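*Asks:* What follows is a single structure, and I will ask about it in a moment.
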Amino acid sequence: MATAKYTSFMGEALSLADAAIAVGEVPVGAVVVRQGKIIGRGHNRTRIDRDPTAHAEIVAIRQASRFLGNDRLEDCDLWVTLEPCTMCAGAIAHARIARLYYGADDPKGGAIESGVRFFDAPTCHHRPDIYAGMEGERSAKMLLDFFQGRRA
């Protein structure tokens, strides 16, 4: 009996979160993966781009959609270091992302297992498979250190 090989892409998402710190952004990183290959990368860019929609997930989804020439990412996975917000959950649903892997929970702004629980709404037209807590402690520590540093 053959077993499927599992590869985590959270390391790449965490590297992108580090890149966000380097430019003064909240450390969130995301990658879109199709057939074991990264086709979209992003980190938070809201301040750099002066764009409130430039969350890591949105940046990565936009790049992947351009790469494929399609707004539907049906056979793709999204790896992100922080639980997506409502806006990003909406983008995930519209893109038809197959699987969502995320790191740290976000009790204040998350919309997957926290807050509005977007994918549980009866009006949600697509729900990806969800895998929470991937490198969650590392992701949470990165965010905690970032915000403590800003308050110091």
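To be explicit about the labels: the chains of the structure tokens are called A, B, and onward in the order shown, and within each one the residues are counted from 1, while ligands get numbers from 1 in the order they are shown.
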Excluding segment 122-127 of chain A and its own-chain neighbours fewer than 4 positions away, which residues fall within 8 Å of it when counting only C-alpha atoms? Please give them as a PyMOL selection string.
*Replies:* chain A and resi 93-94+96+98+118
*Asks:* Report the residues of segment 12-141 of chain A whose backbone DSSP state falls under strand (DSSP E), written as a VMD selection string.
*Replies:* chain A and resid 29 to 34 37 to 43 76 to 82 99 to 104 129 to 132
*Asks:* Create the file for the chosen residues now, containing N, CA, C and O atoms and written as a compact mmCIF listing (two decimals), in the first residue's frame.
*Replies:*
# COMPACT_ATOMS: atom_id res chain seq x y z
N GLY A 29 3.09 35.68 6.76
CA GLY A 29 3.53 35.23 5.44
C GLY A 29 2.60 34.15 4.93
O GLY A 29 1.97 33.43 5.71
N ALA A 30 2.52 34.05 3.60
CA ALA A 30 1.63 33.07 2.98
C ALA A 30 2.21 32.58 1.66
O ALA A 30 2.88 33.34 0.96
N VAL A 31 1.92 31.33 1.36
CA VAL A 31 2.28 30.77 0.05
C VAL A 31 1.10 29.96 -0.49
O VAL A 31 0.36 29.34 0.27
N VAL A 32 0.95 30.00 -1.81
CA VAL A 32 -0.02 29.15 -2.50
C VAL A 32 0.78 28.07 -3.20
O VAL A 32 1.76 28.35 -3.88
N VAL A 33 0.34 26.82 -3.01
CA VAL A 33 1.06 25.67 -3.54
C VAL A 33 0.13 24.87 -4.45
O VAL A 33 -1.03 24.61 -4.10
N ARG A 34 0.68 24.47 -5.59
CA ARG A 34 -0.05 23.60 -6.53
C ARG A 34 0.88 22.48 -6.95
O ARG A 34 1.98 22.73 -7.44
N LYS A 37 4.48 22.68 -5.82
CA LYS A 37 5.28 23.84 -6.25
C LYS A 37 4.63 25.13 -5.77
O LYS A 37 3.41 25.30 -5.92
N ILE A 38 5.43 26.03 -5.23
CA ILE A 38 4.92 27.33 -4.80
C ILE A 38 4.67 28.18 -6.04
O ILE A 38 5.58 28.40 -6.85
N ILE A 39 3.43 28.66 -6.17
CA ILE A 39 3.06 29.50 -7.32
C ILE A 39 2.65 30.90 -6.91
O ILE A 39 2.36 31.74 -7.76
N GLY A 40 2.60 31.15 -5.61
CA GLY A 40 2.26 32.49 -5.11
C GLY A 40 2.87 32.68 -3.74
O GLY A 40 2.83 31.78 -2.91
N ARG A 41 3.47 33.85 -3.54
CA ARG A 41 4.10 34.19 -2.26
C ARG A 41 3.61 35.56 -1.84
O ARG A 41 3.40 36.43 -2.69
N GLY A 42 3.50 35.75 -0.53
CA GLY A 42 3.14 37.09 -0.06
C GLY A 42 3.41 37.26 1.41
O GLY A 42 3.44 36.29 2.17
N HIS A 43 3.66 38.49 1.78
CA HIS A 43 3.68 38.86 3.19
C HIS A 43 2.86 40.14 3.31
O HIS A 43 2.53 40.77 2.30
N CYS A 76 -5.33 24.03 -5.37
CA CYS A 76 -4.21 24.67 -4.66
C CYS A 76 -4.41 24.67 -3.15
O CYS A 76 -5.53 24.59 -2.65
N ASP A 77 -3.28 24.75 -2.47
CA ASP A 77 -3.24 24.85 -1.01
C ASP A 77 -2.75 26.24 -0.63
O ASP A 77 -1.90 26.80 -1.33
N LEU A 78 -3.24 26.77 0.47
CA LEU A 78 -2.75 28.02 1.01
C LEU A 78 -2.15 27.75 2.38
O LEU A 78 -2.81 27.16 3.24
N TRP A 79 -0.90 28.15 2.55
CA TRP A 79 -0.19 28.04 3.82
C TRP A 79 0.02 29.45 4.34
O TRP A 79 0.60 30.29 3.64
N VAL A 80 -0.45 29.74 5.54
CA VAL A 80 -0.33 31.09 6.10
C VAL A 80 -0.01 30.99 7.59
O VAL A 80 -0.47 30.07 8.28
N THR A 81 0.79 31.92 8.07
CA THR A 81 1.28 31.85 9.45
C THR A 81 0.25 32.24 10.50
O THR A 81 0.42 31.93 11.67
N LEU A 82 -0.81 32.94 10.11
CA LEU A 82 -1.83 33.41 11.05
C LEU A 82 -3.22 33.07 10.53
O LEU A 82 -3.47 33.14 9.31
N ARG A 99 -7.25 23.52 0.14
CA ARG A 99 -6.83 23.26 1.52
C ARG A 99 -6.18 24.50 2.11
O ARG A 99 -5.37 25.15 1.45
N LEU A 100 -6.54 24.79 3.36
CA LEU A 100 -5.96 25.91 4.11
C LEU A 100 -5.19 25.35 5.29
O LEU A 100 -5.74 24.60 6.10
N TYR A 101 -3.92 25.72 5.38
CA TYR A 101 -3.06 25.37 6.51
C TYR A 101 -2.66 26.69 7.17
O TYR A 101 -2.15 27.58 6.49
N TYR A 102 -2.91 26.81 8.47
CA TYR A 102 -2.48 28.04 9.12
C TYR A 102 -1.83 27.75 10.46
O TYR A 102 -2.02 26.71 11.06
N GLY A 103 -1.02 28.73 10.89
CA GLY A 103 -0.23 28.59 12.11
C GLY A 103 -0.97 29.04 13.35
O GLY A 103 -1.74 28.29 13.95
N ALA A 104 -0.74 30.27 13.75
CA ALA A 104 -1.28 30.80 15.01
C ALA A 104 -2.76 31.14 14.89
O ALA A 104 -3.22 31.63 13.86
N ASP A 129 -10.63 22.38 2.98
CA ASP A 129 -10.22 21.56 4.11
C ASP A 129 -9.31 22.44 4.96
O ASP A 129 -8.49 23.19 4.41
N ILE A 130 -9.45 22.37 6.27
CA ILE A 130 -8.72 23.29 7.16
C ILE A 130 -7.84 22.51 8.12
O ILE A 130 -8.30 21.56 8.77
N TYR A 131 -6.59 22.95 8.21
CA TYR A 131 -5.60 22.35 9.11
C TYR A 131 -4.99 23.48 9.92
O TYR A 131 -4.21 24.27 9.39
N ALA A 132 -5.36 23.56 11.19
CA ALA A 132 -4.91 24.65 12.05
C ALA A 132 -3.73 24.22 12.92
O ALA A 132 -3.54 23.04 13.19
*Asks:* What does the distance from atom CA of Cys85 of chain A to atom CA of Ser8 of chain A come to in Å, to one decimal?
*Replies:*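 Atom CA of Cys85 of chain A sits 21.9 Å away from atom CA of Ser8 of chain A.
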*Asks:* Using DSSP on the backbone coordinates, identify the residues of segment 26-146 of chain A assigned to alpha helix (DSSP H); present them as a compact mmCIF listing (two decimals) with all heavy atoms, in the first residue's frame.
*Replies:*
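Output (out.txt):
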# COMPACT_ATOMS: atom_id res chain seq x y z
N THR A 46 0.41 46.07 3.84
CA THR A 46 -0.60 47.12 3.96
C THR A 46 0.02 48.51 4.09
O THR A 46 -0.49 49.46 3.50
CB THR A 46 -1.54 46.86 5.15
OG1 THR A 46 -0.79 46.78 6.35
CG2 THR A 46 -2.33 45.57 4.94
N ARG A 47 1.07 48.63 4.86
CA ARG A 47 1.70 49.94 5.05
C ARG A 47 2.57 50.33 3.85
O ARG A 47 2.53 51.47 3.39
CB ARG A 47 2.52 49.96 6.33
CG ARG A 47 1.62 49.75 7.56
CD ARG A 47 2.32 50.11 8.85
NE ARG A 47 1.53 49.73 9.99
CZ ARG A 47 0.55 50.46 10.50
NH1 ARG A 47 0.24 51.61 9.96
NH2 ARG A 47 -0.12 50.07 11.56
N ILE A 48 3.33 49.40 3.33
CA ILE A 48 4.19 49.67 2.18
C ILE A 48 3.35 50.11 0.98
O ILE A 48 3.67 51.09 0.30
CB ILE A 48 4.99 48.41 1.76
CG1 ILE A 48 5.93 47.96 2.84
CG2 ILE A 48 5.77 48.67 0.47
CD1 ILE A 48 6.52 46.59 2.57
N ASP A 49 2.29 49.37 0.72
CA ASP A 49 1.45 49.64 -0.45
C ASP A 49 0.35 50.66 -0.18
O ASP A 49 -0.36 51.06 -1.11
CB ASP A 49 0.80 48.34 -0.95
CG ASP A 49 1.81 47.36 -1.52
OD1 ASP A 49 2.99 47.74 -1.71
OD2 ASP A 49 1.42 46.21 -1.78
N ALA A 56 -1.12 39.17 3.57
CA ALA A 56 -0.26 38.14 3.00
C ALA A 56 -1.04 37.18 2.10
O ALA A 56 -0.59 36.83 1.00
CB ALA A 56 0.45 37.37 4.11
N GLU A 57 -2.20 36.75 2.56
CA GLU A 57 -3.01 35.79 1.81
C GLU A 57 -3.45 36.36 0.46
O GLU A 57 -3.38 35.70 -0.58
CB GLU A 57 -4.27 35.38 2.59
CG GLU A 57 -4.01 34.75 3.93
CD GLU A 57 -4.03 35.76 5.08
OE1 GLU A 57 -3.37 36.83 4.98
OE2 GLU A 57 -4.69 35.48 6.09
N ILE A 58 -3.90 37.62 0.47
CA ILE A 58 -4.38 38.27 -0.74
C ILE A 58 -3.23 38.43 -1.74
O ILE A 58 -3.39 38.16 -2.94
CB ILE A 58 -5.01 39.64 -0.41
CG1 ILE A 58 -6.16 39.50 0.59
CG2 ILE A 58 -5.43 40.37 -1.68
CD1 ILE A 58 -7.39 38.80 0.09
N VAL A 59 -2.07 38.86 -1.23
CA VAL A 59 -0.90 39.04 -2.10
C VAL A 59 -0.53 37.71 -2.76
O VAL A 59 -0.30 37.64 -3.97
CB VAL A 59 0.29 39.63 -1.30
CG1 VAL A 59 1.56 39.66 -2.14
CG2 VAL A 59 -0.05 41.02 -0.77
N ALA A 60 -0.50 36.64 -1.98
CA ALA A 60 -0.14 35.31 -2.51
C ALA A 60 -1.20 34.80 -3.49
O ALA A 60 -0.85 34.23 -4.54
CB ALA A 60 0.06 34.32 -1.36
N ILE A 61 -2.47 34.98 -3.17
CA ILE A 61 -3.55 34.54 -4.06
C ILE A 61 -3.50 35.30 -5.38
O ILE A 61 -3.65 34.71 -6.46
CB ILE A 61 -4.93 34.69 -3.37
CG1 ILE A 61 -5.09 33.61 -2.29
CG2 ILE A 61 -6.07 34.62 -4.38
CD1 ILE A 61 -6.28 33.82 -1.38
N ARG A 62 -3.26 36.60 -5.32
CA ARG A 62 -3.17 37.39 -6.56
C ARG A 62 -2.03 36.89 -7.43
O ARG A 62 -2.18 36.74 -8.65
CB ARG A 62 -2.96 38.87 -6.23
CG ARG A 62 -4.21 39.55 -5.71
CD ARG A 62 -3.93 40.98 -5.31
NE ARG A 62 -5.15 41.64 -4.85
CZ ARG A 62 -5.17 42.72 -4.09
NH1 ARG A 62 -4.04 43.29 -3.70
NH2 ARG A 62 -6.32 43.24 -3.71
N GLN A 63 -0.88 36.62 -6.82
CA GLN A 63 0.27 36.15 -7.59
C GLN A 63 -0.01 34.78 -8.21
O GLN A 63 0.30 34.54 -9.38
CB GLN A 63 1.51 36.09 -6.69
CG GLN A 63 2.79 35.85 -7.46
CD GLN A 63 4.00 35.86 -6.55
OE1 GLN A 63 4.31 34.84 -5.94
NE2 GLN A 63 4.66 37.00 -6.46
N ALA A 64 -0.61 33.89 -7.44
CA ALA A 64 -0.94 32.55 -7.96
C ALA A 64 -1.96 32.63 -9.10
O ALA A 64 -1.83 31.92 -10.10
CB ALA A 64 -1.47 31.66 -6.83
N SER A 65 -2.94 33.49 -8.97
CA SER A 65 -3.95 33.65 -10.02
C SER A 65 -3.33 34.18 -11.31
O SER A 65 -3.65 33.72 -12.41
CB SER A 65 -5.06 34.59 -9.56
OG SER A 65 -5.80 33.99 -8.52
N ARG A 66 -2.41 35.14 -11.17
CA ARG A 66 -1.70 35.64 -12.37
C ARG A 66 -0.85 34.53 -12.99
O ARG A 66 -0.82 34.38 -14.21
CB ARG A 66 -0.82 36.84 -12.00
CG ARG A 66 -1.60 38.13 -11.84
CD ARG A 66 -0.70 39.35 -11.76
NE ARG A 66 0.24 39.31 -10.66
CZ ARG A 66 -0.01 39.74 -9.42
NH1 ARG A 66 -1.19 40.25 -9.12
NH2 ARG A 66 0.91 39.67 -8.49
N PHE A 67 -0.18 33.74 -12.13
CA PHE A 67 0.66 32.65 -12.62
C PHE A 67 -0.15 31.65 -13.44
O PHE A 67 0.26 31.22 -14.52
CB PHE A 67 1.36 31.95 -11.46
CG PHE A 67 2.20 30.78 -11.87
CD1 PHE A 67 3.49 30.97 -12.34
CD2 PHE A 67 1.71 29.49 -11.80
CE1 PHE A 67 4.28 29.88 -12.73
CE2 PHE A 67 2.47 28.40 -12.18
CZ PHE A 67 3.77 28.60 -12.66
N LEU A 68 -1.31 31.29 -12.92
CA LEU A 68 -2.16 30.30 -13.61
C LEU A 68 -3.03 30.91 -14.70
O LEU A 68 -3.58 30.19 -15.52
CB LEU A 68 -3.06 29.58 -12.60
CG LEU A 68 -2.36 28.67 -11.59
CD1 LEU A 68 -3.38 28.08 -10.62
CD2 LEU A 68 -1.58 27.57 -12.29
N THR A 86 -11.70 37.80 8.09
CA THR A 86 -12.91 37.63 7.29
C THR A 86 -12.66 37.97 5.82
O THR A 86 -13.12 37.24 4.93
CB THR A 86 -14.05 38.50 7.85
OG1 THR A 86 -14.23 38.19 9.23
CG2 THR A 86 -15.35 38.27 7.11
N MET A 87 -11.94 39.06 5.56
CA MET A 87 -11.66 39.44 4.17
C MET A 87 -10.88 38.33 3.45
O MET A 87 -11.23 37.95 2.33
CB MET A 87 -10.85 40.74 4.13
CG MET A 87 -10.40 41.15 2.74
SD MET A 87 -9.35 42.61 2.71
CE MET A 87 -7.85 42.00 3.50
N CYS A 88 -9.87 37.81 4.12
CA CYS A 88 -9.05 36.77 3.50
C CYS A 88 -9.81 35.47 3.36
O CYS A 88 -9.66 34.76 2.36
CB CYS A 88 -7.75 36.59 4.28
SG CYS A 88 -6.68 38.04 4.16
N ALA A 89 -10.66 35.15 4.32
CA ALA A 89 -11.50 33.95 4.21
C ALA A 89 -12.41 34.07 2.99
O ALA A 89 -12.61 33.10 2.25
CB ALA A 89 -12.32 33.75 5.48
N GLY A 90 -12.95 35.27 2.76
CA GLY A 90 -13.78 35.49 1.58
C GLY A 90 -12.99 35.27 0.30
O GLY A 90 -13.48 34.64 -0.64
N ALA A 91 -11.76 35.76 0.27
CA ALA A 91 -10.91 35.56 -0.92
C ALA A 91 -10.60 34.08 -1.12
O ALA A 91 -10.59 33.59 -2.26
CB ALA A 91 -9.63 36.37 -0.78
N ILE A 92 -10.36 33.37 -0.03
CA ILE A 92 -10.08 31.93 -0.11
C ILE A 92 -11.28 31.20 -0.71
O ILE A 92 -11.13 30.34 -1.57
CB ILE A 92 -9.72 31.38 1.29
CG1 ILE A 92 -8.36 31.93 1.74
CG2 ILE A 92 -9.74 29.86 1.32
CD1 ILE A 92 -8.08 31.78 3.22
N ALA A 93 -12.47 31.57 -0.25
CA ALA A 93 -13.69 30.94 -0.78
C ALA A 93 -13.87 31.28 -2.27
O ALA A 93 -14.15 30.38 -3.07
CB ALA A 93 -14.91 31.39 0.01
N HIS A 94 -13.72 32.53 -2.64
CA HIS A 94 -13.90 32.93 -4.04
C HIS A 94 -12.87 32.29 -4.96
O HIS A 94 -13.18 31.96 -6.10
CB HIS A 94 -13.88 34.45 -4.18
CG HIS A 94 -15.15 35.10 -3.75
ND1 HIS A 94 -16.28 35.11 -4.53
CD2 HIS A 94 -15.48 35.74 -2.60
CE1 HIS A 94 -17.25 35.73 -3.89
NE2 HIS A 94 -16.80 36.12 -2.71
N ALA A 95 -11.65 32.10 -4.46
CA ALA A 95 -10.60 31.46 -5.25
C ALA A 95 -10.76 29.95 -5.30
O ALA A 95 -10.10 29.28 -6.08
CB ALA A 95 -9.22 31.82 -4.69
N GLY A 136 2.23 26.61 14.87
CA GLY A 136 1.45 27.63 15.56
C GLY A 136 2.23 28.36 16.64
O GLY A 136 2.13 29.59 16.75
N GLU A 137 3.01 27.63 17.43
CA GLU A 137 3.76 28.29 18.51
C GLU A 137 4.81 29.23 17.94
O GLU A 137 4.99 30.34 18.44
CB GLU A 137 4.41 27.24 19.41
CG GLU A 137 3.42 26.51 20.28
CD GLU A 137 4.07 25.46 21.18
OE1 GLU A 137 5.29 25.55 21.42
OE2 GLU A 137 3.34 24.57 21.64
N ARG A 138 5.49 28.79 16.90
CA ARG A 138 6.52 29.64 16.28
C ARG A 138 5.90 30.89 15.65
O ARG A 138 6.42 31.99 15.77
CB ARG A 138 7.27 28.81 15.23
CG ARG A 138 8.48 29.47 14.68
CD ARG A 138 9.28 28.48 13.87
NE ARG A 138 10.18 29.17 12.97
CZ ARG A 138 10.70 28.65 11.89
NH1 ARG A 138 10.43 27.40 11.56
NH2 ARG A 138 11.50 29.34 11.13
N SER A 139 4.78 30.71 14.98
CA SER A 139 4.09 31.85 14.38
C SER A 139 3.61 32.83 15.44
O SER A 139 3.76 34.04 15.29
CB SER A 139 2.89 31.36 13.56
OG SER A 139 3.29 30.53 12.49
N ALA A 140 3.03 32.31 16.51
CA ALA A 140 2.53 33.16 17.59
C ALA A 140 3.67 33.92 18.27
O ALA A 140 3.53 35.11 18.57
CB ALA A 140 1.77 32.32 18.61
N LYS A 141 4.80 33.26 18.49
CA LYS A 141 5.95 33.92 19.12
C LYS A 141 6.46 35.06 18.26
O LYS A 141 6.81 36.13 18.75
CB LYS A 141 7.05 32.92 19.41
CG LYS A 141 8.24 33.55 20.13
CD LYS A 141 9.28 32.55 20.53
CE LYS A 141 10.47 33.11 21.25
NZ LYS A 141 10.67 34.53 21.32
N MET A 142 6.50 34.84 16.95
CA MET A 142 6.97 35.88 16.04
C MET A 142 6.08 37.12 16.15
O MET A 142 6.57 38.25 16.23
CB MET A 142 6.95 35.34 14.61
CG MET A 142 7.54 36.28 13.59
SD MET A 142 7.51 35.57 11.91
CE MET A 142 8.81 34.36 12.05
N LEU A 143 4.78 36.91 16.20
CA LEU A 143 3.84 38.03 16.33
C LEU A 143 3.96 38.71 17.69
O LEU A 143 4.00 39.93 17.78
CB LEU A 143 2.41 37.53 16.11
CG LEU A 143 2.06 37.21 14.67
CD1 LEU A 143 0.90 36.22 14.60
CD2 LEU A 143 1.73 38.48 13.92
N LEU A 144 4.05 37.91 18.75
CA LEU A 144 4.18 38.46 20.09
C LEU A 144 5.45 39.29 20.21
O LEU A 144 5.41 40.43 20.72
CB LEU A 144 4.19 37.32 21.12
CG LEU A 144 4.26 37.73 22.59
CD1 LEU A 144 3.01 38.51 22.99
CD2 LEU A 144 4.41 36.50 23.46
N ASP A 145 6.56 38.77 19.74
CA ASP A 145 7.83 39.52 19.78
C ASP A 145 7.75 40.81 18.99
O ASP A 145 8.25 41.86 19.43
CB ASP A 145 8.99 38.65 19.25
CG ASP A 145 9.34 37.48 20.14
OD1 ASP A 145 8.86 37.43 21.29
OD2 ASP A 145 10.10 36.61 19.68
N PHE A 146 7.12 40.77 17.84
CA PHE A 146 6.96 41.96 17.00
C PHE A 146 6.20 43.05 17.75
O PHE A 146 6.64 44.20 17.81
CB PHE A 146 6.25 41.60 15.69
CG PHE A 146 5.94 42.79 14.82
CD1 PHE A 146 6.93 43.34 14.02
CD2 PHE A 146 4.67 43.33 14.79
CE1 PHE A 146 6.64 44.43 13.21
CE2 PHE A 146 4.37 44.41 13.98
CZ PHE A 146 5.36 44.97 13.18
*Asks:* Figure out the distance between atom CA of Asp105 of chain A and atom CA of Glu74 of chain A, please, to one decimal in Å.
*Replies:* 24.4 Å
